[in-house]
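This report concerns only the one structure given below.
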There are 2 protein chains.
Amino acid sequence: MCGDCGCSGENGSRRLAVERDLLAANAGAAAANRAFFAERGILALNLVSSPGSGKTSILERTIAEFAGTVPVAVIEGDQQTANDAERIERAGARAVQVNTGSGCHLDARMVADAVAGLDPAPGSVVFIENVGNLVCPAMFDLGEAAKVAIVSVTEGEDKPEKYPYMFRAASLCLINKTDLLPHLDCDPARLRQSGLAVNPGLEFIELNAKTGQGFSSWLDWIGRERRRVAG
Amino acid sequence: MCGDCGCSGENGSRRLAVERDLLAANAGAAAANRAFFAERGILALNLVSSPGSGKTSILERTIAEFAGTVPVAVIEGDQQTANDAERIERAGARAVQVNTGSGCHLDARMVADAVAGLDPAPGSVVFIENVGNLVCPAMFDLGEAAKVAIVSVTEGEDKPEKYPYMFRAASLCLINKTDLLPHLDCDPARLRQSGLAVNPGLEFIELNAKTGQGFSSWLDWIGRERRRVAG
């Protein structure tokens with residue numbers, strides 16, 4: 001556990017005390033976010049992955065597919081730039097960019113502030129695109145209904161076993177960029193096997209943000225989760 | 001700054017005090033590592049990148065190219081598994097695996113312990129393959145001569161501007177997986193431009209661990225750095 005991100009291997013007692021306080025403060029803010037989403041029947045999904053796995057491209061296509069049927073709002077986390085929020089707004093959804101500066105993850109208070117700015121409609125879907133980081137965001141509850149881990153087929157088959165905390169924290173794993181499979185030594189079945197080794201309950205959907213392949217399964221999964229939060 | 005990884009956006013004074021202590025302790029250990037490497041004319045390079053950018057594949061080919069001419073030892077950082085150290089040993093170099101558990105980066109003390117186990121030869125090259133994370137390892141001096149950032153062309157053109165701390169901390173950026181360019185919307189010139197926007201002194205080499213394209217430039221760069229540390 002290191003500082004507030006709970007991700008360092010070594011500990012002093014003073015640091016542990018600081019970490020406990022920080023994680024407790026985060027848990028309180030996450031609970032408040034969760035209550036806000038529940039009252040309004042909003043499905044909040046926390047998208048987590050390495051940098052460059054295609055989170056924003058997946059969101060662009062998802063927004064296009066939902067156009068006119070499901071209201072969508074997006075919280076974009078990055079160390080710097082507003083590039084992703086601009087892409088999301090061009091795709092047709094409302095977006096707020098959160099720049100974390102030197103920070104390695106979004107925390108629940110950042111999400112609370114962003115949600116206050118977005119004021120998402122009852123029954124909507126709020127996507128939280130976390131900072132690209134397969135380590136630290138695993139430790140932080142943002143009040144989401146589920147963490148969705150995205151891994152692109154270019155990243156190799158053993159990522160879940162190398163980064164088990166993230167794949168244990170996730171409910172669903174999207175395997176993206178399947179159009180590149182003919183050019184790679186990557187077997188998605190082995191990637192699934194690696195994910196199941198650390199989280200036997202993990203679900204998988206192979207998809208492609210460029211071609212739309214697999215999106216019907218992803219939209220169905222979202223639909224199921226929306227019904228669940230609507231109670 | 002968060003905890004010891006210096007990568008969170010928000011701060012309390014108690015946390016800041018803990019961070020200062022941790023970074024000071026790391027700086028001391030890094031200085032000791034640097035003195036150890038200098039005494040023996042060892043070039044130590046800290047390889048940093050997102051998960052799955054191809055660090056280990058680059059090392060495998062580098063080791064093969066140096067076989068019989070330059071002694072190489074490798075410190076492999078991952079949250080879990082010994083997969084990478086096993087790959088490196090199969091490639092013909094000595095390797096030590098450091099598992100950080102929930103940790104998001106290597107620190108200088110972990111490297112000191114690993115170096116003690118490796119006992120690298122005078123005049124050798126020690127590669128430190130950091131945990132795959134484009135955020136937290138930027139903050140940690142391990143006593144290396146230089147940080148080498150690796151980015152694969154599948155990750156997009158704007159990564160340096162989104163993750164500026166890492167690309168500011170690096171001396172060289174290896175642009176990997178160039179064989180996939182025909183299948184992607186990625187212009188390496190734009191990636192360079194993004195890197196230079198945050199670090200005007202950053203050098204770039206495009207290469208391909210699969211085909212060997214660009215390796216002569218990378219080996220030349222290492223040779224220049226070896227002469228520099230040999231004084």
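Just remember, in the structure tokens the first chain shown is A, the second B, etc., residues are 1-based per chain, and ligands are 1-based in the order shown.
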
Practice item. Would you kindly return, as an MDAnalysis selection string, each protein, DNA or RNA residue with an atom no farther than 10 Å from any atom of stretch 79-92 of chain B, considering only C-alpha atoms and excluding same-chain residues fewer than 5 positions away? Key: (chainID A and resid 7:9 135 158:165) or (chainID B and resid 55:57 59:64 66:67 72:74 97:106 129 131:132)

Check your understanding: Contacts of A:Ala121 at 10 Å or less, counting only C-alpha atoms, minus same-chain residues fewer than 2 places along, as a list in words?
Key -> Arg40, Gly41, Ile42, Val70, Pro71, Val72, Ala73, Leu118, Asp119, Gly123, Ser124, Val125 and Val126 of chain A

Would you put the residues from that selection into a file with N, CA and C atoms, as a PDB file, in the first residue's frame?
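After the write, selection.pdb holds the following:
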ATOM      1  N   ARG A  40     -31.371   7.923  -8.498  1.00  0.00           N
ATOM      2  CA  ARG A  40     -31.782   8.371  -9.832  1.00  0.00           C
ATOM      3  C   ARG A  40     -31.813   7.242 -10.867  1.00  0.00           C
ATOM      4  N   GLY A  41     -31.575   6.020 -10.415  1.00  0.00           N
ATOM      5  CA  GLY A  41     -31.577   4.893 -11.354  1.00  0.00           C
ATOM      6  C   GLY A  41     -30.519   5.027 -12.429  1.00  0.00           C
ATOM      7  N   ILE A  42     -29.384   5.625 -12.058  1.00  0.00           N
ATOM      8  CA  ILE A  42     -28.276   5.829 -13.006  1.00  0.00           C
ATOM      9  C   ILE A  42     -27.314   4.656 -12.914  1.00  0.00           C
ATOM     10  N   VAL A  70     -30.699   6.155 -25.124  1.00  0.00           N
ATOM     11  CA  VAL A  70     -30.206   6.114 -23.742  1.00  0.00           C
ATOM     12  C   VAL A  70     -29.361   7.368 -23.488  1.00  0.00           C
ATOM     13  N   PRO A  71     -29.727   8.189 -22.500  1.00  0.00           N
ATOM     14  CA  PRO A  71     -28.876   9.351 -22.195  1.00  0.00           C
ATOM     15  C   PRO A  71     -27.547   8.902 -21.582  1.00  0.00           C
ATOM     16  N   VAL A  72     -26.471   9.484 -22.089  1.00  0.00           N
ATOM     17  CA  VAL A  72     -25.123   9.103 -21.648  1.00  0.00           C
ATOM     18  C   VAL A  72     -24.366  10.358 -21.208  1.00  0.00           C
ATOM     19  N   ALA A  73     -23.618  10.265 -20.122  1.00  0.00           N
ATOM     20  CA  ALA A  73     -22.689  11.331 -19.716  1.00  0.00           C
ATOM     21  C   ALA A  73     -21.362  10.672 -19.354  1.00  0.00           C
ATOM     22  N   LEU A 118     -21.985  17.655 -14.202  1.00  0.00           N
ATOM     23  CA  LEU A 118     -22.689  16.997 -15.309  1.00  0.00           C
ATOM     24  C   LEU A 118     -24.202  16.949 -15.099  1.00  0.00           C
ATOM     25  N   ASP A 119     -24.615  16.798 -13.817  1.00  0.00           N
ATOM     26  CA  ASP A 119     -26.031  16.650 -13.469  1.00  0.00           C
ATOM     27  C   ASP A 119     -26.718  15.618 -14.377  1.00  0.00           C
ATOM     28  N   GLY A 123     -31.996   7.677 -14.916  1.00  0.00           N
ATOM     29  CA  GLY A 123     -32.038   6.576 -15.883  1.00  0.00           C
ATOM     30  C   GLY A 123     -30.900   6.570 -16.881  1.00  0.00           C
ATOM     31  N   SER A 124     -29.975   7.519 -16.750  1.00  0.00           N
ATOM     32  CA  SER A 124     -28.882   7.595 -17.738  1.00  0.00           C
ATOM     33  C   SER A 124     -27.757   6.622 -17.392  1.00  0.00           C
ATOM     34  N   VAL A 125     -26.787   6.552 -18.312  1.00  0.00           N
ATOM     35  CA  VAL A 125     -25.560   5.803 -18.055  1.00  0.00           C
ATOM     36  C   VAL A 125     -24.428   6.814 -17.896  1.00  0.00           C
ATOM     37  N   VAL A 126     -23.690   6.727 -16.793  1.00  0.00           N
ATOM     38  CA  VAL A 126     -22.507   7.568 -16.581  1.00  0.00           C
ATOM     39  C   VAL A 126     -21.274   6.680 -16.718  1.00  0.00           C
TER      40      VAL A 126
END

Exercise for review: Identify all residues of stretch 19-154 of chain A in strand (DSSP E or B) (DSSP on the backbone) and supply them as a count of residues only.
Suggested key: 32

Practice item. Quick one: pick out all alpha helix (DSSP H) residues within stretch 108-143 of chain A from a backbone DSSP run and write them as a list in words. Key: Ala108, Arg109, Met110, Val111, Ala112, Asp113, Ala114, Val115, Ala116, Gly117 and Leu118 of chain A

Give me a file of those residues, with C-alpha atoms, as a CSV table (one decimal), in the first residue's frame.
chain,number,residue,atom,x,y,z
A,108,ALA,CA,-14.4,9.3,-5.4
A,109,ARG,CA,-14.3,13.0,-4.5
A,110,MET,CA,-13.2,13.9,-8.0
A,111,VAL,CA,-16.1,11.9,-9.4
A,112,ALA,CA,-18.5,13.7,-7.0
A,113,ASP,CA,-17.3,17.1,-8.2
A,114,ALA,CA,-17.6,16.0,-11.9
A,115,VAL,CA,-21.1,14.5,-11.3
A,116,ALA,CA,-22.2,17.8,-9.8
A,117,GLY,CA,-21.1,19.6,-13.0
A,118,LEU,CA,-22.7,17.0,-15.3

**Study point:** Interatomic distance, atom CA of B:Ala169 to atom CA of A:Thr154 (Å, one decimal)
**Key:** 25.4 Å

For stretch 54-153 of chain A against stretch 21-28 of chain A, with a cut-off of 9 Å and counting only C-alpha atoms, what is the closest atom pair and its distance in Å to one decimal for every residue that makes the cut, ordered by chain and number, as a tab-separated table?
residue	atom	partner	partner_atom	distance
A:Asp107	CA	A:Asn26	CA	6.6
A:Ala108	CA	A:Asn26	CA	5.6
A:Arg109	CA	A:Asn26	CA	7.0
A:Met139	CA	A:Leu23	CA	8.8
A:Phe140	CA	A:Asn26	CA	7.4
A:Asp141	CA	A:Ala27	CA	6.7
A:Leu142	CA	A:Asn26	CA	7.8
A:Gly143	CA	A:Ala27	CA	8.4

Next, write the just-selected residues to a file, as an mmCIF file, in the first residue's frame, keeping C-alpha atoms as the atom set.
data_model
loop_
_atom_site.group_PDB
_atom_site.id
_atom_site.type_symbol
_atom_site.label_atom_id
_atom_site.label_comp_id
_atom_site.auth_asym_id
_atom_site.auth_seq_id
_atom_site.Cartn_x
_atom_site.Cartn_y
_atom_site.Cartn_z
ATOM 1 C CA ASP A 107 -10.846 9.185 -6.523
ATOM 2 C CA ALA A 108 -14.448 9.339 -5.352
ATOM 3 C CA ARG A 109 -14.337 13.045 -4.504
ATOM 4 C CA MET A 139 -7.822 0.191 -5.282
ATOM 5 C CA PHE A 140 -10.352 3.020 -5.553
ATOM 6 C CA ASP A 141 -14.091 2.621 -5.266
ATOM 7 C CA LEU A 142 -15.695 5.545 -7.096
ATOM 8 C CA GLY A 143 -19.280 4.527 -6.263
#
